[in-house]
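Undergrad: Got a structure for you, input_38.txt, holding compact mmCIF, C-alpha atoms.
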```txt
# COMPACT_ATOMS: atom_id res chain seq x y z
CA MET M 1 9.99 -26.30 28.64
CA LYS M 2 7.41 -26.00 25.87
CA ILE M 3 8.29 -25.24 22.28
CA ASP M 4 5.47 -24.85 19.79
CA LEU M 5 6.21 -22.07 17.36
CA GLY M 6 3.46 -22.30 14.78
CA THR M 7 4.17 -19.70 12.13
CA PRO M 8 5.75 -16.69 13.82
CA THR M 9 5.97 -13.65 11.61
CA ARG M 10 7.26 -10.97 13.95
CA GLY M 11 9.86 -12.91 15.90
CA VAL M 12 10.05 -15.45 18.67
CA VAL M 13 9.64 -14.60 22.35
CA LEU M 14 11.09 -16.81 25.06
CA VAL M 15 8.61 -16.42 27.92
CA VAL M 16 10.15 -17.31 31.28
CA ASP M 17 7.82 -17.36 34.28
CA ASP M 18 7.37 -19.86 37.08
CA GLU M 19 3.58 -19.36 37.01
CA PRO M 20 2.02 -21.55 34.27
CA GLY M 21 -1.09 -19.37 33.99
CA VAL M 22 1.00 -16.28 33.29
CA ARG M 23 2.94 -18.16 30.61
CA GLN M 24 -0.31 -19.31 29.00
CA LEU M 25 -1.68 -15.77 29.08
CA ALA M 26 1.49 -14.38 27.49
CA ARG M 27 1.34 -17.09 24.83
CA ARG M 28 -2.27 -16.26 23.94
CA ILE M 29 -1.50 -12.55 23.67
CA LEU M 30 1.79 -12.86 21.79
CA GLU M 31 0.60 -15.52 19.35
CA GLY M 32 -2.46 -13.35 18.68
CA GLY M 33 -0.03 -10.55 17.85
CA GLY M 34 1.88 -12.71 15.38
CA TYR M 35 4.83 -13.75 17.54
CA GLY M 36 6.14 -17.25 18.10
CA VAL M 37 6.42 -18.32 21.73
CA ILE M 38 8.71 -20.66 23.61
CA GLU M 39 7.88 -21.24 27.27
CA ALA M 40 10.28 -21.92 30.13
CA GLY M 41 9.31 -22.40 33.77
CA ASP M 42 12.59 -21.24 35.31
CA GLY M 43 15.95 -19.73 34.51
CA GLN M 44 17.72 -23.03 33.95
CA GLN M 45 15.11 -24.12 31.39
CA ALA M 46 15.58 -20.80 29.64
CA LEU M 47 19.35 -21.31 29.51
CA ASP M 48 18.74 -24.79 28.08
CA VAL M 49 16.57 -23.28 25.34
CA MET M 50 19.29 -20.79 24.46
CA ALA M 51 21.89 -23.55 24.45
CA SER M 52 19.74 -25.53 22.01
CA GLN M 53 20.25 -22.78 19.41
CA ALA M 54 16.48 -22.29 19.08
CA GLN M 55 15.48 -19.07 17.35
CA VAL M 56 14.80 -16.48 20.04
CA ASP M 57 14.41 -12.77 19.29
CA PHE M 58 13.06 -11.50 22.59
CA LEU M 59 13.32 -12.62 26.19
CA MET M 60 10.33 -11.96 28.45
CA ALA M 61 11.65 -12.54 31.95
CA ASP M 62 9.78 -12.62 35.22
CA LEU M 63 12.10 -11.10 37.79
CA ASP M 64 10.81 -12.92 40.84
CA MET M 65 11.46 -16.59 40.24
CA PRO M 66 12.76 -19.29 42.54
CA VAL M 67 16.10 -21.00 41.87
CA MET M 68 17.41 -18.23 39.62
CA ARG M 69 16.16 -14.64 39.59
CA GLY M 70 15.14 -13.23 36.25
CA GLU M 71 17.89 -10.63 36.20
CA GLU M 72 20.60 -13.21 36.90
CA MET M 73 19.18 -15.37 34.11
CA ALA M 74 19.08 -12.41 31.70
CA VAL M 75 22.71 -11.51 32.45
CA LYS M 76 23.79 -15.08 31.66
CA ILE M 77 21.73 -15.19 28.47
CA ARG M 78 22.96 -11.80 27.27
CA LYS M 79 26.55 -13.00 27.66
CA LEU M 80 25.67 -15.57 25.00
CA ARG M 81 23.44 -13.23 22.96
CA PRO M 82 24.32 -9.58 23.75
CA GLU M 83 21.91 -8.29 21.11
CA LEU M 84 18.90 -10.09 22.59
CA LYS M 85 16.11 -7.73 23.65
CA VAL M 86 14.91 -8.27 27.20
CA LEU M 87 11.53 -7.39 28.67
CA TYR M 88 11.50 -7.66 32.46
CA VAL M 89 8.07 -8.33 33.87
CA THR M 90 7.68 -7.70 37.55
CA ALA M 91 5.04 -7.26 40.19
CA HIS M 92 7.63 -5.26 42.16
CA SER M 93 8.95 -2.60 39.81
CA GLU M 94 9.96 -0.45 42.78
CA VAL M 95 12.47 -3.15 43.76
CA LEU M 96 13.88 -3.30 40.22
CA PHE M 97 14.43 0.44 40.05
CA ARG M 98 15.86 0.65 43.53
CA GLU M 99 18.49 -1.92 42.57
CA ARG M 100 18.96 -0.63 39.01
CA PRO M 101 17.88 2.99 38.54
CA GLU M 102 18.61 2.78 34.80
CA LEU M 103 18.00 -0.06 32.39
CA LEU M 104 20.55 -0.97 29.74
CA GLU M 105 20.00 -0.49 26.02
CA GLY M 106 17.76 -3.22 24.66
CA GLU M 107 15.96 -3.64 27.97
CA ALA M 108 12.50 -2.61 29.07
CA PHE M 109 10.19 -3.49 31.90
CA LEU M 110 6.49 -4.02 32.25
CA ASP M 111 4.39 -4.04 35.39
CA LYS M 112 2.55 -7.21 36.23
CA PRO M 113 -0.41 -7.53 35.83
CA PHE M 114 -0.07 -6.37 32.23
CA THR M 115 -2.79 -5.74 29.68
CA VAL M 116 -3.05 -7.25 26.20
CA THR M 117 -2.15 -3.92 24.63
CA GLY M 118 0.56 -3.27 27.21
CA LEU M 119 2.41 -6.51 26.45
CA LEU M 120 2.18 -6.12 22.67
CA GLU M 121 3.34 -2.51 22.90
CA ALA M 122 6.22 -3.46 25.18
CA VAL M 123 7.56 -6.03 22.71
CA SER M 124 7.07 -3.58 19.85
CA LEU M 125 8.87 -0.93 21.89
CA LEU M 126 11.86 -3.20 22.26
CA LYS M 127 11.79 -4.17 18.61
CA VAL M 128 11.77 -0.73 17.04
CA GLY M 129 12.69 1.56 19.94
CA TYR M 130 9.38 3.39 19.94
CA LEU M 131 5.73 2.57 20.24
CA LYS M 132 4.51 1.07 17.02
CA THR M 133 2.29 -1.86 17.70
CA PRO M 134 1.47 -3.61 14.44
CA PRO M 135 -2.04 -4.89 13.88
CA PRO M 136 -2.40 -8.60 14.58
CA PRO M 137 -2.74 -11.01 11.68
CA PRO M 138 -6.19 -11.59 10.16
CA GLU M 139 -8.52 -14.13 11.74
CA SER M 140 -6.72 -13.99 15.10
CA ALA M 141 -8.72 -13.84 18.29
CA LEU M 142 -7.30 -10.39 18.94
CA THR M 143 -8.25 -8.82 15.64
CA ARG M 144 -11.65 -7.56 16.76
CA PHE M 145 -10.20 -6.36 20.04
CA TRP M 146 -7.43 -4.54 18.22
CA LYS M 147 -9.82 -2.72 15.95
CA LYS M 148 -11.88 -1.73 18.96
CA VAL M 149 -8.84 -0.32 20.76
CA THR M 150 -7.10 1.41 17.87
CA GLY M 151 -10.02 2.18 15.59
CA ARG M 152 -7.98 0.68 12.71
CA MET S 1 -1.75 -10.28 59.66
CA THR S 2 -0.40 -7.64 57.31
CA HIS S 3 1.90 -8.04 54.32
CA GLY S 4 4.31 -5.44 52.98
CA ILE S 5 3.83 -4.23 49.42
CA GLU S 6 7.05 -6.07 48.41
CA SER S 7 6.20 -9.33 50.16
CA PRO S 8 6.14 -12.70 48.37
CA GLU S 9 2.44 -12.92 49.18
CA VAL S 10 1.77 -9.73 47.25
CA HIS S 11 3.83 -11.05 44.35
CA ARG S 12 1.83 -14.28 44.26
CA LEU S 13 -1.44 -12.38 44.47
CA LYS S 14 -0.43 -10.10 41.59
CA ASN S 15 0.47 -13.18 39.54
CA GLN S 16 -3.01 -14.59 40.05
CA LEU S 17 -4.63 -11.22 39.31
CA ALA S 18 -2.59 -11.02 36.11
CA ILE S 19 -4.17 -14.29 35.01
CA VAL S 20 -7.71 -13.27 36.03
CA LEU S 21 -7.54 -9.82 34.41
CA GLY S 22 -5.66 -10.97 31.33
CA PHE S 23 -8.05 -13.74 30.45
CA CYS S 24 -11.02 -11.46 31.20
CA GLU S 25 -9.60 -9.02 28.65
CA LEU S 26 -9.17 -11.78 26.06
CA LEU S 27 -12.65 -13.11 26.75
CA LEU S 28 -14.25 -9.69 26.44
CA ALA S 29 -12.49 -9.22 23.12
CA GLU S 30 -13.94 -12.48 21.83
CA LEU S 31 -17.48 -12.24 23.23
CA PRO S 32 -20.15 -10.79 20.94
CA ALA S 33 -21.30 -7.35 22.02
CA ASP S 34 -24.76 -8.69 22.87
CA SER S 35 -23.54 -11.74 24.79
CA THR S 36 -25.41 -12.38 28.02
CA HIS S 37 -22.06 -13.35 29.59
CA ARG S 38 -20.46 -9.96 28.99
CA ALA S 39 -21.84 -8.35 32.16
CA ASP S 40 -20.63 -11.30 34.25
CA VAL S 41 -17.11 -11.09 32.86
CA LEU S 42 -17.09 -7.33 33.42
CA GLN S 43 -18.00 -7.96 37.07
CA ILE S 44 -15.06 -10.33 37.43
CA GLU S 45 -12.76 -7.85 35.72
CA GLN S 46 -13.91 -4.97 37.94
CA ALA S 47 -13.39 -7.04 41.09
CA GLY S 48 -9.91 -7.95 39.91
CA LYS S 49 -9.05 -4.32 39.23
CA SER S 50 -10.34 -3.31 42.65
CA ALA S 51 -8.18 -5.97 44.30
CA LEU S 52 -5.19 -4.81 42.28
CA ALA S 53 -5.73 -1.18 43.30
CA ILE S 54 -5.30 -2.23 46.92
CA LEU S 55 -1.92 -3.77 46.13
CA ARG S 56 -0.43 -1.31 43.66
CA THR S 57 1.92 1.49 44.57
CA PRO S 58 1.11 4.89 43.01
CA HIS S 59 3.84 4.84 40.32
CA GLU S 60 2.81 1.50 38.84
CA ASP S 61 0.83 2.31 35.73
CA GLY S 62 0.99 -0.90 33.68
CA GLN S 63 2.93 0.78 30.89
CA ALA S 64 6.21 -0.42 29.42
CA LYS S 65 9.35 1.56 30.18
CA LEU S 66 12.36 1.51 27.89
CA ALA S 67 16.02 1.99 28.65
CA PRO S 68 16.78 5.75 28.52
CA GLU S 69 19.48 5.30 25.85
CA ALA S 70 16.95 3.90 23.37
CA GLU S 71 14.24 6.50 23.90
```
Taking this structure as input, can you express it in the form of structure tokens?

TA:
Amino acid sequence: MKIDLGTPTRGVVLVVDDEPGVRQLARRILEGGGYGVIEAGDGQQALDVMASQAQVDFLMADLDMPVMRGEEMAVKIRKLRPELKVLYVTAHSEVLFRERPELLEGEAFLDKPFTVTGLLEAVSLLKVGYLKTPPPPPESALTRFWKKVTGR
Amino acid sequence: MTHGIESPEVHRLKNQLAIVLGFCELLLAELPADSTHRADVLQIEQAGKSALAILRTPHEDGQAKLAPEAE
């Protein structure tokens, strides 16, 4: 478990993925977009974070994890925090939709691999219910990229 | 040996490609436009995308999908 929030301005994302490189990538992208990040390497670590009463506004859950699958973890966490927004990230979206043809309110999914823009838009989508990706804070590593993509 | 599109091997490979492509994207955003390294990173990114195209099913588009109730 790694907690290093810095100065989040748009909320805190609990990133749960058993692959450290994916967690680091998500941290770079989300922090560049103004979010705080807490990392967890498996479902049990994520449950421990939630039990610690840490501020968490979004859950980014890899579905395919050993020990506890992402969906099982999300169900347990949402029993504690029903309002928590959940972004499922999966390399096998066809499996997710075969098992669950419809997502619940407050849930979204994102294919893995994801792009910088795709991840930021997905979190924004959960936050406001439609695509409205705010520009990243000044001086961030993503600022130049963002201007290039959006023209703003 | 062949692996199904839903196999654990494919999942692990997509995880690694996520890291390669994601950090390429971040690096390209940070490199100056005239950097001599830009073409090299673009080569890595293109190879990663080509590898991913082999693994992806047609409906996977890399875009977020929201629960129908909230749309």

Undergrad: Give me, please, the distance in Å between CA of Ala91 in chain M and CA of His11 in chain S, quoted to one decimal.

TA: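 Computing it gives 5.8 Å between the two atoms.
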
Undergrad: Please, what distance in Å, to one decimal, runs between CA of Leu55 in chain S and CA of Lys14 in chain S?

TA: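 So the answer is 7.9 Å.
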
Undergrad: Could you tell me which of M:Ile38, M:Val56, M:Ala74, M:Leu63 comes closest to Leu96 in chain M if we count only C-alpha atoms?

TA: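 Residue with the minimum atom-to-atom distance to Leu96 in chain M: M:Leu63.
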
Undergrad: At a cut-off of 9 Å, using only C-alpha atoms, what residues contact range 41-53 of chain M? Leave out same-chain residues fewer than 4 positions from it and give the result as a PyMOL selection string.

TA: chain M and resi 1-2+14-20+23+61+65-70+72-74+76-77+80-81

Undergrad: Have a look at CA of Leu59 in chain M and CA of Tyr88 in chain M and let me know their distance in Å, one decimal.

TA: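 Separation of CA of Leu59 in chain M and CA of Tyr88 in chain M: 8.2 Å.
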
Undergrad: What's the 12 Å shell around range 39-46 of chain S, counting only C-alpha atoms, without same-chain residues fewer than 2 positions away, as a list in words?

TA: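 These residues fall inside the cut-off: Thr115 of chain M; Leu17, Ala18, Ile19, Val20, Leu21, Gly22, Phe23, Cys24, Glu25, Leu26, Leu27, Leu28, Ala29, Glu30, Leu31, Pro32, Ala33, Asp34, Ser35, Thr36, His37, Gly48, Lys49, Ser50, Ala51, Leu52 and Ala53 of chain S.
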
Undergrad: When you count all atoms listed in the file, which of these residues is closest to Phe114 in chain M: M:Thr90, M:Gln55, M:Gln24, M:Thr9?

TA: M:Thr90

Undergrad: Please tabulate, as a tab-separated table, the residues of chain M that come within 6 Å of chain S, each with its closest pair of atoms and the distance in Å to one decimal, counting only C-alpha atoms and ordering rows by chain, then residue number upward.

TA:
```
residue	atom	partner	partner_atom	distance
M:Val22	CA	S:Ile19	CA	5.8
M:Ala91	CA	S:His11	CA	5.8
M:Leu103	CA	S:Ala67	CA	4.7
M:Leu104	CA	S:Ala67	CA	5.5
M:Glu105	CA	S:Ala67	CA	5.4
M:Glu107	CA	S:Ala67	CA	5.7
M:Ala108	CA	S:Leu66	CA	4.3
M:Phe109	CA	S:Lys65	CA	5.4
M:Leu110	CA	S:Ala64	CA	4.6
M:Asp111	CA	S:Gly62	CA	4.9
M:Pro113	CA	S:Ala18	CA	4.1
M:Phe114	CA	S:Gly62	CA	5.8
M:Gly118	CA	S:Gln63	CA	6.0
M:Ala122	CA	S:Ala64	CA	5.2
M:Gly129	CA	S:Ala70	CA	5.9
M:Phe145	CA	S:Ala29	CA	4.8
```

Undergrad: M:Leu84, M:Val75, M:Val12, M:Leu120: which is nearest Gly32 in chain M, counting all atoms listed in the file?

TA: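 Between M:Leu84, M:Val75, M:Val12, M:Leu120, the residue approaching Gly32 in chain M most closely is M:Leu120.
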
Undergrad: Could you add N, CA and C atoms to range 54-86 of chain M and give me the result as a tab-separated table (two decimals), in the coordinates of the input?

TA:
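Result file is selection_12.tsv:
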```
chain	number	residue	atom	x	y	z
M	54	ALA	N	17.81	-22.63	19.59
M	54	ALA	CA	16.48	-22.29	19.08
M	54	ALA	C	16.44	-20.80	18.72
M	55	GLN	N	15.62	-20.48	17.71
M	55	GLN	CA	15.48	-19.07	17.35
M	55	GLN	C	14.76	-18.32	18.46
M	56	VAL	N	15.41	-17.33	19.02
M	56	VAL	CA	14.80	-16.48	20.04
M	56	VAL	C	15.17	-15.03	19.72
M	57	ASP	N	14.16	-14.17	19.61
M	57	ASP	CA	14.41	-12.77	19.29
M	57	ASP	C	14.20	-11.85	20.49
M	58	PHE	N	13.35	-12.29	21.40
M	58	PHE	CA	13.06	-11.50	22.59
M	58	PHE	C	13.02	-12.43	23.80
M	59	LEU	N	13.43	-11.89	24.93
M	59	LEU	CA	13.32	-12.62	26.19
M	59	LEU	C	12.35	-11.86	27.08
M	60	MET	N	11.29	-12.55	27.50
M	60	MET	CA	10.33	-11.96	28.45
M	60	MET	C	10.58	-12.65	29.78
M	61	ALA	N	11.15	-11.91	30.73
M	61	ALA	CA	11.65	-12.54	31.95
M	61	ALA	C	10.93	-12.03	33.19
M	62	ASP	N	10.30	-12.96	33.90
M	62	ASP	CA	9.78	-12.62	35.22
M	62	ASP	C	10.97	-12.42	36.14
M	63	LEU	N	10.95	-11.36	36.92
M	63	LEU	CA	12.10	-11.10	37.79
M	63	LEU	C	12.10	-11.96	39.03
M	64	ASP	N	10.92	-12.23	39.55
M	64	ASP	CA	10.81	-12.92	40.84
M	64	ASP	C	10.54	-14.39	40.65
M	65	MET	N	11.61	-15.15	40.41
M	65	MET	CA	11.46	-16.59	40.24
M	65	MET	C	12.34	-17.31	41.22
M	66	PRO	N	11.91	-18.50	41.67
M	66	PRO	CA	12.76	-19.29	42.54
M	66	PRO	C	13.93	-19.87	41.75
M	67	VAL	N	14.90	-20.37	42.44
M	67	VAL	CA	16.10	-21.00	41.87
M	67	VAL	C	17.04	-19.96	41.28
M	68	MET	N	16.58	-19.24	40.25
M	68	MET	CA	17.41	-18.23	39.62
M	68	MET	C	16.55	-17.01	39.31
M	69	ARG	N	16.94	-15.85	39.85
M	69	ARG	CA	16.16	-14.64	39.59
M	69	ARG	C	16.25	-14.26	38.12
M	70	GLY	N	15.21	-13.58	37.66
M	70	GLY	CA	15.14	-13.23	36.25
M	70	GLY	C	16.31	-12.40	35.76
M	71	GLU	N	16.79	-11.49	36.61
M	71	GLU	CA	17.89	-10.63	36.20
M	71	GLU	C	19.18	-11.43	36.05
M	72	GLU	N	19.41	-12.36	36.99
M	72	GLU	CA	20.60	-13.21	36.90
M	72	GLU	C	20.55	-14.05	35.62
M	73	MET	N	19.36	-14.58	35.33
M	73	MET	CA	19.18	-15.37	34.11
M	73	MET	C	19.46	-14.51	32.87
M	74	ALA	N	18.91	-13.29	32.87
M	74	ALA	CA	19.08	-12.41	31.70
M	74	ALA	C	20.55	-12.06	31.49
M	75	VAL	N	21.28	-11.82	32.57
M	75	VAL	CA	22.71	-11.51	32.45
M	75	VAL	C	23.45	-12.68	31.80
M	76	LYS	N	23.13	-13.89	32.22
M	76	LYS	CA	23.79	-15.08	31.66
M	76	LYS	C	23.43	-15.23	30.18
M	77	ILE	N	22.16	-15.02	29.86
M	77	ILE	CA	21.73	-15.19	28.47
M	77	ILE	C	22.34	-14.11	27.58
M	78	ARG	N	22.42	-12.89	28.10
M	78	ARG	CA	22.96	-11.80	27.27
M	78	ARG	C	24.47	-11.93	27.08
M	79	LYS	N	25.13	-12.72	27.92
M	79	LYS	CA	26.55	-13.00	27.66
M	79	LYS	C	26.67	-13.85	26.41
M	80	LEU	N	25.67	-14.73	26.19
M	80	LEU	CA	25.67	-15.57	25.00
M	80	LEU	C	25.13	-14.80	23.79
M	81	ARG	N	24.13	-13.95	24.05
M	81	ARG	CA	23.44	-13.23	22.96
M	81	ARG	C	23.29	-11.76	23.37
M	82	PRO	N	24.37	-10.98	23.26
M	82	PRO	CA	24.32	-9.58	23.75
M	82	PRO	C	23.24	-8.74	23.07
M	83	GLU	N	22.87	-9.11	21.85
M	83	GLU	CA	21.91	-8.29	21.11
M	83	GLU	C	20.47	-8.62	21.47
M	84	LEU	N	20.27	-9.65	22.26
M	84	LEU	CA	18.90	-10.09	22.59
M	84	LEU	C	18.16	-9.02	23.38
M	85	LYS	N	16.95	-8.72	22.95
M	85	LYS	CA	16.11	-7.73	23.65
M	85	LYS	C	15.46	-8.40	24.85
M	86	VAL	N	15.42	-7.68	25.97
M	86	VAL	CA	14.91	-8.27	27.20
M	86	VAL	C	13.78	-7.41	27.77
```
